[in-house]
Each structure stands twice: as C-alpha cells, then as structure tokens.
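Enquirer: Below is a structure I'd like to ask you about.
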Amino acid sequence: MYVKEISLSDFRNLGRQSVSLSEHVNLFYGENAQGKTNLLESVFLLSCPKGFRQGKDRDYIAFGKESAKVRLNYVAFGREQQIELSLFSDARKSITLNGIPIRRSSELAAQFCTVLFVPGHLNLVKGGPEERRLFLDTAISQLRPKYQRALADYGRVISQKNMLLKRGAADRSLLEVWNQRLIELGSYLTLQRGSYVRKLSAAAAEHHRRLSRGEELRCEYRWFPGLPGGEGITDLSVVREVFASALKQAAEQEFERGMCLVGPHRDDLELLIDGRSARLFGSQGQQRSVALSLKLGECELVEQTVGESPVLLLDDVMSELDRSRQQYIRSNLKKRQVLITSCARAHALKTAAAFSVEKGKVIRLFAKGEENR
Ligand SMILES: Nc1ncnc2c1ncn2[C@@H]1O[C@H](COP(=O)(O)OP(=O)(O)OP(=O)(O)O)[C@@H](O)[C@H]1O
Ligand SMILES: [Mg+2]
C-alpha cells in the first residue's frame with residue numbers, strides 16, 4: 001500500500017497543507033524542530049491511533065487551536081481509499097474510512113499499515129521487557145482487531161485487580177472473577193504473541209543472517225508462567241490451564257506484594273544469537289543488527305498477513321547506523337513506500353522525491369521519475 005497524499009490541518013506545528021508523495025522513497029529533511037517527526041507521526045497515527053510518543057490526543061492539536069485533522073489518500077487492495085482523523089480539544093475524536101465513521105480504532109487494523117523505525121528501536125534488544133512487549137503489541141494490533149481489543153480489556157482488568165490487591169484484605173470471590181477474566185484474555189494474548197513470534201523469528205533470522213554474514217538469530221516468546229522453552233504455547237487449553245494454576249500458586253504472593261504477578265504483562269521476547277542471549281552477550285553492533293532485522297521482519301509479516309506491503313516510516317534512523325547497515329536498509333526498500341526523515345541532505349538515498357521541512361512547512365524539492373527507483 002502507499003499514500004498518495006497527506007492533508008493536514010493544525011496537526012502539531014504543521015499548519016494547513018497537503019503533501020503529495022511518491023510511491024517509492026520520500027525523503028524529508030530539515031533542521032531540528034521543524035516538523036519532520038510530526039509528519040511521520042501524523043501518518044503513523046492512522047495505522048495505530050495510540051500514537052508513538054507519550055501523551056494525550058490533545059497534544060496533537062496545534063497550540064492554541066481547537067481541532068486537528070489528518071487525511072490520507074492511499075492505495076491499498078487495488079483501490080484508492082481515504083482515511084481521516086479529527087481530534088478536538090474537548091477530547092472528542094472521530095475517524096472515518098472512505099467516509100464511513102469507525103466506532104473503534106481496532107476496526108482500522110489491517111486497513112492501513114505502517115512499520116515505524118525510530119532510533120529508540122535500536123535499543124529494543126538491550127532495553128527492558130516492556131519495550132519488547134510494546135513492539136509485539138503494536139505489530140500484532142495492526143494486524144488483528146481482536147488482539148487490540150483484548151489487549152485494552154486485559155490492561156483494564158489488570159489495573160482493577162491491582163487496585164483490589166492494594167486494598168489489602170481483598171474480597172477473594174471478586175478476585176476470582178477477575179482471575180477468570182484474566183485467564184480468558186491473557187491466554188488469547190499469549191497464544192497470539194507466541195504465534196507471531198514464531199513467524200517473526202523465521203523472517204528476522206533471514207535478515208540477520210545476511211546482515212551478520214552467517215549468525216543465527218532466534219526469537220522465542222517467554223511467557224510467564226510458561227513452560228520451559230515456550231513449550232505448549234500452541235494450544236489454547238494448555239495455556240489456560242498453565243495460566244490458571246500459576247495464578248493459584250501466586251495468589252498469596254500477589255496479596256503480599258499488592259500486584260498481579262503472572263500473565264502476559266510480564267512476558268518477554270527473548271532474542272538469541274547462535275543460541276546465546278543477544279541482550280546479555282551481544283555487542284552493540286549485533287544488537288543493532290537484531291533490531292533492524294526485527295523491523296524488516298515486521299514488514300514481511302504485514303505482507304504475509306495483509307497481502308500488502310506496509311508504508312515504512314524511518315525517523316532519523318539512517319544517521320544512527322553505520323554504512324553497511326544503511327546499505328542493507330537501502331537494499332530492502334524496493335517495492336515499498338518509504339517516508340524517511342533526516343537532518344542532512346547527504347542521506348539522500350536514491351529518492352524518488354525529496355522535501356524540505358522548515359517551520360512546519362513541507363516543500364517538495366524535486367521529483368524524479370521511475371528511473372530513480
Ligand atoms: N501541539 C503542537 N503545536 C504546535 N507545535 C508543536 C506541537 N507539538 C509539538 N510541536 C513543535 O513541533 C516542533 C517540531 O517537532 P518535530 O519533533 O517534528 O521536529 P523534527 O523536525 O523531527 O526535529 P528533530 O530533527 O530534532 O527530530 C517542535 O519544536 C515542537 O515544539
Ligand atoms: Mg525528529
């Protein structure tokens with residue numbers, strides 16, 4: 001899929017403007033704080049309405065304005081489509097797809113897909129498990145509406161159960177109700193993550209092998225309280241059983257600590273290079289290659305699942321990579337639309353279109369034809 005045109009109105013510092021894109025590589029460059037990341041964010045937001053920076057919806061509205069709008073005209077599944085997001089300062093929000101109002105953001109899953117890569121993702125390997133969970137959740141949510149809903153429900157149940165546990169002498173029968181709900185939702189999430197990670201492992205391994213000239217990357221889903229080596233994760237009834245008995249076992253400890261101790265909110269994605277933990281033993285360079293391989297693997301899983309390539313959003317990531325990794329990214333850009341930001345024009349890849357971004361104004365500098373792919 002690819003975006004033909006982005007129309008903006010008071011989204012952060014971007015004012016009111018329309019930007020027509022090439023269906024190949026689009027480079028946005030400019031000094032710091034001009035609006036490059038904001039532009040990628042506006043596109044990302046329509047694939048993942050939770051956004052990629054911390055903060056509230058109203059933060060997207062230009063300072064002093066009442067509302068913001070982002071509209072994308074894009075081509076997917078063989079036809080032109082339009083998706084539009086409006087945000088209002090009183091916290092109202094509306095999304096339409098081809099003019100039809102969308103009630104829940106999960107209905108957008110698999111309609112418009114992006115894969116975002118920011119310098120922070122280079123820490124995916126050495127960072128904490130919550131970053132890897134966020135990576136998985138963002139990736140799977142884009143593909144499966146049900147996952148997105150289950151994840152939100154699961155989060156709510158966890159905070160309710162935590163509240164109950166914190167109150168100390170909690171009502172055990174009420175706790176049992178929450179636990180049943182946790183087992184139901186949590187087992188589904190675990191199963192989906194397990195299945196995603198199996199596919200991701202294959203796709204990412206291929207990239208890592210080429211990037212590292214031969215190292216074997218393996219991704220394993222570590223579910224808590226799962227069985228060793230992530231076993232049993234393919235069978236919903238097994239997952240439920242293991243989860244239920246772990247909850248029972250942890251009950252007293254949960255009371256003492258005043259928080260939920262078992263479930264997918266504690267899981268991790270283990271990354272192994274030649275059988276050893278990349279987090280503990282990988283060099284900086286190896287860890288970066290793994291992060292890059294995961295992101296490129298994510299692109300492929302969108303293609304496999306949705307049947308269309310995602311729009312790849314690379315925010316300032318080239319400057320963080322050495323030549324050979326930059327080269328590897330370049331060789332993987334074909335057949336995908338890419339929006340890439342950079343502070344330097346020197347990063348100009350073989351771009352089909354280049355834009356300058358200055359004080360929120362996006363100006364198209366040149367557009368070359370197909371021969372420049
Ligand atoms: N709601 C808002 N209204 C108006 N301006 C905003 C809003 N939110 C953020 N900004 C401003 O947008 C500016 C540009 O931010 P952005 O992150 O897009 O910069 P950038 O071009 O990516 O810079 P860098 O190269 O440093 O990453 C910032 O100076 C910020 O203050
Ligand atoms: Mg930026």
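Convention: chains lettered A, B, ... in structure tokens order; per-chain residue numbering from 1; ligands numbered from 1 as shown.
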Which residues are close to Leu296 (chain A), i.e. within 9 Å by only C-alpha atoms, leaving aside same-chain residues fewer than 3 positions away? Reply as a ChimeraX atom specification.
Expert: /A:115,203-204,207,291-293,299-301,329,332
Enquirer: Output N, CA, C and O atoms for every residue in that selection, as a short mmCIF file (atom, residue, chain, number, x, y, z; two decimals), in the first residue's frame.
Expert:
```
data_model
loop_
_atom_site.label_atom_id
_atom_site.label_comp_id
_atom_site.auth_asym_id
_atom_site.auth_seq_id
_atom_site.Cartn_x
_atom_site.Cartn_y
_atom_site.Cartn_z
N VAL A 115 5.10 0.45 9.23
CA VAL A 115 6.11 -0.04 10.16
C VAL A 115 7.02 1.14 10.46
O VAL A 115 7.57 1.76 9.55
N ALA A 203 11.38 -14.80 9.75
CA ALA A 203 11.62 -13.66 8.86
C ALA A 203 12.85 -12.87 9.30
O ALA A 203 13.69 -12.49 8.48
N ALA A 204 12.97 -12.63 10.60
CA ALA A 204 14.08 -11.81 11.10
C ALA A 204 15.41 -12.56 10.96
O ALA A 204 16.45 -11.95 10.69
N HIS A 207 17.11 -11.98 7.65
CA HIS A 207 17.78 -10.68 7.57
C HIS A 207 19.06 -10.67 8.39
O HIS A 207 20.09 -10.18 7.95
N ALA A 291 17.87 -5.55 16.01
CA ALA A 291 16.74 -4.61 15.99
C ALA A 291 16.29 -4.35 14.55
O ALA A 291 15.10 -4.36 14.23
N LEU A 292 17.27 -4.12 13.69
CA LEU A 292 16.97 -3.87 12.28
C LEU A 292 16.28 -5.09 11.64
O LEU A 292 15.30 -4.95 10.91
N SER A 293 16.78 -6.26 11.97
CA SER A 293 16.19 -7.49 11.42
C SER A 293 14.75 -7.67 11.90
O SER A 293 13.89 -8.13 11.15
N CYS A 299 7.92 -5.92 8.69
CA CYS A 299 7.38 -5.56 7.36
C CYS A 299 6.89 -6.80 6.63
O CYS A 299 5.82 -6.79 6.03
N GLU A 300 7.69 -7.86 6.67
CA GLU A 300 7.31 -9.06 5.93
C GLU A 300 6.06 -9.71 6.49
O GLU A 300 5.24 -10.24 5.76
N LEU A 301 5.91 -9.67 7.81
CA LEU A 301 4.72 -10.28 8.39
C LEU A 301 3.46 -9.50 8.02
O LEU A 301 2.39 -10.09 7.87
N ILE A 329 19.57 -1.50 4.63
CA ILE A 329 18.21 -0.92 4.59
C ILE A 329 17.87 -0.53 3.16
O ILE A 329 16.83 -0.86 2.64
N ASN A 332 16.65 -3.00 0.93
CA ASN A 332 15.34 -3.57 1.28
C ASN A 332 14.17 -2.62 1.06
O ASN A 332 13.07 -2.85 1.56
#
```
Enquirer: Where does DSSP see strand (DSSP E) in region 208-373 of chain A, if you list the residues as a PyMOL selection string?
Expert: chain A and resi 217-222+268-273+276-277+311-315+338-342+353-358+361-367
Enquirer: Could you pull out the residues sitting within 7 Å of ligand 1, using only C-alpha atoms and all ligand atoms, and write them as a list of chain:residue names?
Expert: A:Phe11, A:Arg12, A:Asn13, A:Gly30, A:Glu31, A:Asn32, A:Ala33, A:Gln34, A:Gly35, A:Lys36, A:Thr37, A:Asn38, A:Leu39, A:Asp59, A:Tyr60, A:Ile61, A:Ala62, A:Phe63, A:Ser342, A:Cys343
Enquirer: Could you please take those selected residues and save N, CA, C and O atoms as a PDB file, in the first residue's frame?
Expert:
```
ATOM      1  N   PHE A  11      -2.233  19.981  12.719  1.00  0.00           N
ATOM      2  CA  PHE A  11      -1.634  18.847  13.410  1.00  0.00           C
ATOM      3  C   PHE A  11      -0.255  19.295  13.905  1.00  0.00           C
ATOM      4  O   PHE A  11       0.610  19.640  13.113  1.00  0.00           O
ATOM      5  N   ARG A  12      -0.069  19.352  15.219  1.00  0.00           N
ATOM      6  CA  ARG A  12       1.163  19.891  15.824  1.00  0.00           C
ATOM      7  C   ARG A  12       1.568  21.205  15.126  1.00  0.00           C
ATOM      8  O   ARG A  12       0.746  22.079  14.981  1.00  0.00           O
ATOM      9  N   ASN A  13       2.842  21.293  14.647  1.00  0.00           N
ATOM     10  CA  ASN A  13       3.253  22.582  14.069  1.00  0.00           C
ATOM     11  C   ASN A  13       3.062  22.618  12.552  1.00  0.00           C
ATOM     12  O   ASN A  13       3.626  23.477  11.880  1.00  0.00           O
ATOM     13  N   GLY A  30      15.508  18.568   7.041  1.00  0.00           N
ATOM     14  CA  GLY A  30      15.432  19.911   7.575  1.00  0.00           C
ATOM     15  C   GLY A  30      16.154  19.933   8.910  1.00  0.00           C
ATOM     16  O   GLY A  30      16.571  18.893   9.427  1.00  0.00           O
ATOM     17  N   GLU A  31      16.305  21.128   9.455  1.00  0.00           N
ATOM     18  CA  GLU A  31      16.977  21.286  10.743  1.00  0.00           C
ATOM     19  C   GLU A  31      16.138  20.649  11.848  1.00  0.00           C
ATOM     20  O   GLU A  31      15.020  20.226  11.615  1.00  0.00           O
ATOM     21  N   ASN A  32      16.691  20.681  13.039  1.00  0.00           N
ATOM     22  CA  ASN A  32      15.942  20.170  14.190  1.00  0.00           C
ATOM     23  C   ASN A  32      14.689  20.999  14.435  1.00  0.00           C
ATOM     24  O   ASN A  32      14.638  22.173  14.090  1.00  0.00           O
ATOM     25  N   ALA A  33      13.715  20.346  15.024  1.00  0.00           N
ATOM     26  CA  ALA A  33      12.484  21.014  15.486  1.00  0.00           C
ATOM     27  C   ALA A  33      11.690  21.720  14.394  1.00  0.00           C
ATOM     28  O   ALA A  33      11.031  22.721  14.641  1.00  0.00           O
ATOM     29  N   GLN A  34      11.740  21.190  13.171  1.00  0.00           N
ATOM     30  CA  GLN A  34      10.997  21.830  12.077  1.00  0.00           C
ATOM     31  C   GLN A  34       9.662  21.143  11.793  1.00  0.00           C
ATOM     32  O   GLN A  34       8.787  21.726  11.163  1.00  0.00           O
ATOM     33  N   GLY A  35       9.547  19.880  12.220  1.00  0.00           N
ATOM     34  CA  GLY A  35       8.269  19.178  11.997  1.00  0.00           C
ATOM     35  C   GLY A  35       8.390  17.856  11.256  1.00  0.00           C
ATOM     36  O   GLY A  35       7.379  17.281  10.857  1.00  0.00           O
ATOM     37  N   LYS A  36       9.620  17.352  11.099  1.00  0.00           N
ATOM     38  CA  LYS A  36       9.813  16.105  10.344  1.00  0.00           C
ATOM     39  C   LYS A  36       9.159  14.922  11.059  1.00  0.00           C
ATOM     40  O   LYS A  36       8.410  14.155  10.468  1.00  0.00           O
ATOM     41  N   THR A  37       9.474  14.796  12.335  1.00  0.00           N
ATOM     42  CA  THR A  37       8.886  13.681  13.093  1.00  0.00           C
ATOM     43  C   THR A  37       7.373  13.838  13.187  1.00  0.00           C
ATOM     44  O   THR A  37       6.629  12.858  13.088  1.00  0.00           O
ATOM     45  N   ASN A  38       6.913  15.081  13.343  1.00  0.00           N
ATOM     46  CA  ASN A  38       5.461  15.313  13.404  1.00  0.00           C
ATOM     47  C   ASN A  38       4.762  14.775  12.159  1.00  0.00           C
ATOM     48  O   ASN A  38       3.672  14.221  12.237  1.00  0.00           O
ATOM     49  N   LEU A  39       5.420  14.955  11.021  1.00  0.00           N
ATOM     50  CA  LEU A  39       4.806  14.498   9.772  1.00  0.00           C
ATOM     51  C   LEU A  39       4.670  12.964   9.755  1.00  0.00           C
ATOM     52  O   LEU A  39       3.621  12.418   9.434  1.00  0.00           O
ATOM     53  N   ASP A  59      -2.535  16.688  22.628  1.00  0.00           N
ATOM     54  CA  ASP A  59      -1.183  17.180  22.329  1.00  0.00           C
ATOM     55  C   ASP A  59      -0.922  17.273  20.825  1.00  0.00           C
ATOM     56  O   ASP A  59      -0.020  17.981  20.392  1.00  0.00           O
ATOM     57  N   TYR A  60      -1.706  16.530  20.042  1.00  0.00           N
ATOM     58  CA  TYR A  60      -1.504  16.576  18.587  1.00  0.00           C
ATOM     59  C   TYR A  60      -2.069  17.857  17.977  1.00  0.00           C
ATOM     60  O   TYR A  60      -1.731  18.217  16.854  1.00  0.00           O
ATOM     61  N   ILE A  61      -2.974  18.508  18.695  1.00  0.00           N
ATOM     62  CA  ILE A  61      -3.608  19.708  18.156  1.00  0.00           C
ATOM     63  C   ILE A  61      -2.635  20.877  18.309  1.00  0.00           C
ATOM     64  O   ILE A  61      -2.025  21.041  19.361  1.00  0.00           O
ATOM     65  N   ALA A  62      -2.476  21.659  17.247  1.00  0.00           N
ATOM     66  CA  ALA A  62      -1.545  22.799  17.291  1.00  0.00           C
ATOM     67  C   ALA A  62      -1.868  23.679  18.498  1.00  0.00           C
ATOM     68  O   ALA A  62      -3.048  23.868  18.831  1.00  0.00           O
ATOM     69  N   PHE A  63      -0.830  24.176  19.125  1.00  0.00           N
ATOM     70  CA  PHE A  63      -1.024  25.029  20.298  1.00  0.00           C
ATOM     71  C   PHE A  63      -2.032  26.129  19.976  1.00  0.00           C
ATOM     72  O   PHE A  63      -1.935  26.777  18.928  1.00  0.00           O
ATOM     73  N   SER A 342      15.532  13.060   7.846  1.00  0.00           N
ATOM     74  CA  SER A 342      16.951  13.200   8.124  1.00  0.00           C
ATOM     75  C   SER A 342      17.269  14.681   8.308  1.00  0.00           C
ATOM     76  O   SER A 342      16.583  15.540   7.768  1.00  0.00           O
ATOM     77  N   CYS A 343      18.318  14.944   9.082  1.00  0.00           N
ATOM     78  CA  CYS A 343      18.735  16.338   9.227  1.00  0.00           C
ATOM     79  C   CYS A 343      19.638  16.740   8.077  1.00  0.00           C
ATOM     80  O   CYS A 343      19.892  17.909   7.844  1.00  0.00           O
TER      81      CYS A 343
END
```
Enquirer: Mind giving me the straight-line distance from CA of Asp171 (chain A) to CA of Ala246 (chain A) in Å, one decimal?
Expert: 19.6 Å
Enquirer: Between A:Ala91, A:Lys65, A:Glu241, A:Asp315, which one has atoms that come closest to ligand 2, using only C-alpha atoms and all ligand atoms?
Expert: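 Residue with the minimum atom-to-atom distance to ligand 2: A:Asp315.
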Enquirer: Among region 123-359 of chain A, which residues carry a DSSP assignment of alpha helix (DSSP H), reported as a PyMOL selection string?
Expert: chain A and resi 129-143+145-166+172-212+236-257+278-281+284-306+323-331
Enquirer: Which is closest to ligand 2 among A:Gly360, A:Pro310, A:Gly155, A:Gly128, if we use only C-alpha atoms and all ligand atoms?
Expert: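 Checking each candidate against ligand 2, we get A:Gly360 as the closest.
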Enquirer: If we count only C-alpha atoms, what is near Leu122 (chain A) at a cut-off of 10 Å, once residues fewer than 6 positions away on the same chain are taken out, given as JSON, numbers by chain?
Expert: {"A": [284, 285, 287, 288, 289, 290, 291, 292, 295, 317, 320, 321]}
Enquirer: Take the selection from the previous step and output its residues with N, CA and C atoms, as a short mmCIF file (atom, residue, chain, number, x, y, z; two decimals), in the first residue's frame.
Expert:
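Saved the output as selection.cif:
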```
data_model
loop_
_atom_site.label_atom_id
_atom_site.label_comp_id
_atom_site.auth_asym_id
_atom_site.auth_seq_id
_atom_site.Cartn_x
_atom_site.Cartn_y
_atom_site.Cartn_z
N GLN A 284 27.25 -4.18 20.80
CA GLN A 284 26.39 -3.07 20.37
C GLN A 284 25.94 -3.25 18.92
N GLY A 285 26.90 -3.59 18.06
CA GLY A 285 26.62 -3.76 16.64
C GLY A 285 25.67 -4.92 16.38
N GLN A 287 23.50 -6.10 18.47
CA GLN A 287 22.17 -5.74 18.97
C GLN A 287 21.44 -4.85 17.97
N ARG A 288 22.18 -3.97 17.33
CA ARG A 288 21.55 -3.10 16.31
C ARG A 288 21.08 -3.90 15.11
N SER A 289 21.91 -4.86 14.72
CA SER A 289 21.51 -5.69 13.58
C SER A 289 20.25 -6.47 13.91
N VAL A 290 20.15 -6.94 15.16
CA VAL A 290 18.96 -7.69 15.56
C VAL A 290 17.73 -6.78 15.48
N ALA A 291 17.87 -5.55 16.01
CA ALA A 291 16.74 -4.61 15.99
C ALA A 291 16.29 -4.35 14.55
N LEU A 292 17.27 -4.12 13.69
CA LEU A 292 16.97 -3.87 12.28
C LEU A 292 16.28 -5.09 11.64
N LYS A 295 12.65 -5.29 12.68
CA LYS A 295 11.79 -4.32 11.98
C LYS A 295 11.51 -4.75 10.54
N VAL A 317 16.71 7.46 11.33
CA VAL A 317 17.38 6.26 11.78
C VAL A 317 18.67 6.02 11.00
N GLU A 320 21.98 7.01 12.54
CA GLU A 320 22.40 6.21 13.69
C GLU A 320 23.06 4.90 13.27
N LEU A 321 23.03 4.64 11.97
CA LEU A 321 23.54 3.34 11.52
C LEU A 321 24.84 3.51 10.74
#
```
Enquirer: For CA of Gly275 (chain A) and CA of Glu206 (chain A), quote the distance in Å rounded to one decimal.
Expert: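 Computing the Euclidean distance for CA of Gly275 (chain A) and CA of Glu206 (chain A) yields 15.5 Å.
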Enquirer: Quote the spacing between CA of Gly120 (chain A) and CA of Arg58 (chain A) in Å to one decimal place.
Expert: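 About the pair CA of Gly120 (chain A) and CA of Arg58 (chain A): they are 23.6 Å apart.
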Enquirer: Just want the 8 Å neighbourhood of Leu191 (chain A), counted on only C-alpha atoms, with same-chain residues fewer than 3 positions away dropped. Output as a list of chain:residue names.
Expert: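 Non-adjacent residues within range: A:Ser187, A:Tyr188, A:Gly194, A:Ser195, A:Ile233, A:Thr234, A:Asp235, A:Leu236, A:Val239.
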Enquirer: Grab the residues selected above and save them as a JSON list (two decimals), in the first residue's frame with N, CA, C and O atoms.
Expert:
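Result file selection.json:
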```json
[["chain", "number", "residue", "atom", "x", "y", "z"],
["A", 187, "SER", "N", -4.77, -15.68, 28.02],
["A", 187, "SER", "CA", -4.41, -16.87, 27.24],
["A", 187, "SER", "C", -4.47, -16.55, 25.76],
["A", 187, "SER", "O", -3.62, -16.98, 24.98],
["A", 188, "TYR", "N", -5.48, -15.79, 25.38],
["A", 188, "TYR", "CA", -5.60, -15.40, 23.98],
["A", 188, "TYR", "C", -4.38, -14.56, 23.56],
["A", 188, "TYR", "O", -3.76, -14.81, 22.51],
["A", 194, "GLY", "N", 2.71, -15.74, 20.83],
["A", 194, "GLY", "CA", 3.53, -16.92, 20.54],
["A", 194, "GLY", "C", 3.55, -17.20, 19.04],
["A", 194, "GLY", "O", 4.60, -17.44, 18.46],
["A", 195, "SER", "N", 2.37, -17.11, 18.44],
["A", 195, "SER", "CA", 2.29, -17.43, 17.02],
["A", 195, "SER", "C", 3.00, -16.35, 16.18],
["A", 195, "SER", "O", 3.70, -16.65, 15.20],
["A", 233, "ILE", "N", 2.72, -23.53, 23.91],
["A", 233, "ILE", "CA", 2.09, -22.25, 23.63],
["A", 233, "ILE", "C", 1.20, -22.28, 22.38],
["A", 233, "ILE", "O", 0.57, -21.31, 22.04],
["A", 234, "THR", "N", 1.14, -23.43, 21.75],
["A", 234, "THR", "CA", 0.31, -23.50, 20.54],
["A", 234, "THR", "C", -1.11, -23.96, 20.83],
["A", 234, "THR", "O", -1.95, -23.99, 19.95],
["A", 235, "ASP", "N", -1.37, -24.32, 22.07],
["A", 235, "ASP", "CA", -2.66, -24.93, 22.40],
["A", 235, "ASP", "C", -3.39, -24.09, 23.46],
["A", 235, "ASP", "O", -2.94, -23.98, 24.58],
["A", 236, "LEU", "N", -4.52, -23.53, 23.06],
["A", 236, "LEU", "CA", -5.23, -22.62, 23.96],
["A", 236, "LEU", "C", -5.59, -23.28, 25.29],
["A", 236, "LEU", "O", -5.44, -22.67, 26.36],
["A", 239, "VAL", "N", -2.54, -23.45, 27.49],
["A", 239, "VAL", "CA", -2.16, -22.14, 28.00],
["A", 239, "VAL", "C", -3.09, -21.74, 29.15],
["A", 239, "VAL", "O", -2.64, -21.28, 30.21]]
```
Enquirer: Which residues are near Ala244 (chain A)? Cut-off 12 Å, only C-alpha atoms, ignore same chain within fewer than 6 positions. Put them as an MDAnalysis selection string.
Expert: chainID A and resid 176 178:187 224:226 237:238 250:251 262:263
Enquirer: The selected residues should be written to file as an mmCIF file, in the first residue's frame (atoms: C-alpha atoms).
Expert:
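Output file again20.cif is given in full below:
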```
data_model
loop_
_atom_site.group_PDB
_atom_site.id
_atom_site.type_symbol
_atom_site.label_atom_id
_atom_site.label_comp_id
_atom_site.auth_asym_id
_atom_site.auth_seq_id
_atom_site.Cartn_x
_atom_site.Cartn_y
_atom_site.Cartn_z
ATOM 1 C CA GLU A 176 -11.731 -14.962 41.452
ATOM 2 C CA TRP A 178 -11.084 -11.002 37.810
ATOM 3 C CA ASN A 179 -8.834 -14.037 37.575
ATOM 4 C CA GLN A 180 -11.270 -15.833 35.280
ATOM 5 C CA ARG A 181 -11.327 -12.789 33.039
ATOM 6 C CA LEU A 182 -7.520 -12.612 33.099
ATOM 7 C CA ILE A 183 -7.227 -16.251 32.108
ATOM 8 C CA GLU A 184 -9.609 -15.773 29.228
ATOM 9 C CA LEU A 185 -7.977 -12.615 27.848
ATOM 10 C CA GLY A 186 -4.405 -13.420 28.853
ATOM 11 C CA SER A 187 -4.406 -16.871 27.241
ATOM 12 C CA PHE A 224 5.206 -16.126 32.296
ATOM 13 C CA PRO A 225 4.404 -18.593 33.818
ATOM 14 C CA GLY A 226 5.028 -20.665 30.723
ATOM 15 C CA SER A 237 -6.447 -25.143 26.503
ATOM 16 C CA VAL A 238 -2.883 -25.850 27.667
ATOM 17 C CA ALA A 250 0.975 -16.937 43.051
ATOM 18 C CA ALA A 251 -2.160 -15.928 44.979
ATOM 19 C CA VAL A 262 1.567 -13.581 36.447
ATOM 20 C CA GLY A 263 0.319 -13.054 32.916
#
```
Enquirer: Quick one: of A:Glu23, A:Arg149, A:Ser9, A:Ser86, who's nearest to Lys334 (chain A), counting only C-alpha atoms?
Expert: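 Under the stated criterion, the closest residue is A:Glu23.
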Enquirer: Restricting the calculation to only C-alpha atoms and all ligand atoms: of A:Ser319, A:Thr190, A:Ser245, A:Ser324, which residue gets closest to ligand 2?
Expert: A:Ser319
Enquirer: Please provide as a list of chain:residue names all residues within 6 Å of Tyr74 (chain A), with the sequence filter that same-chain residues fewer than 5 positions apart are discarded (counting only C-alpha atoms).
Expert: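 Here the answer would be A:Tyr2, A:Val3, A:Lys4, A:Glu80, A:Gln81.
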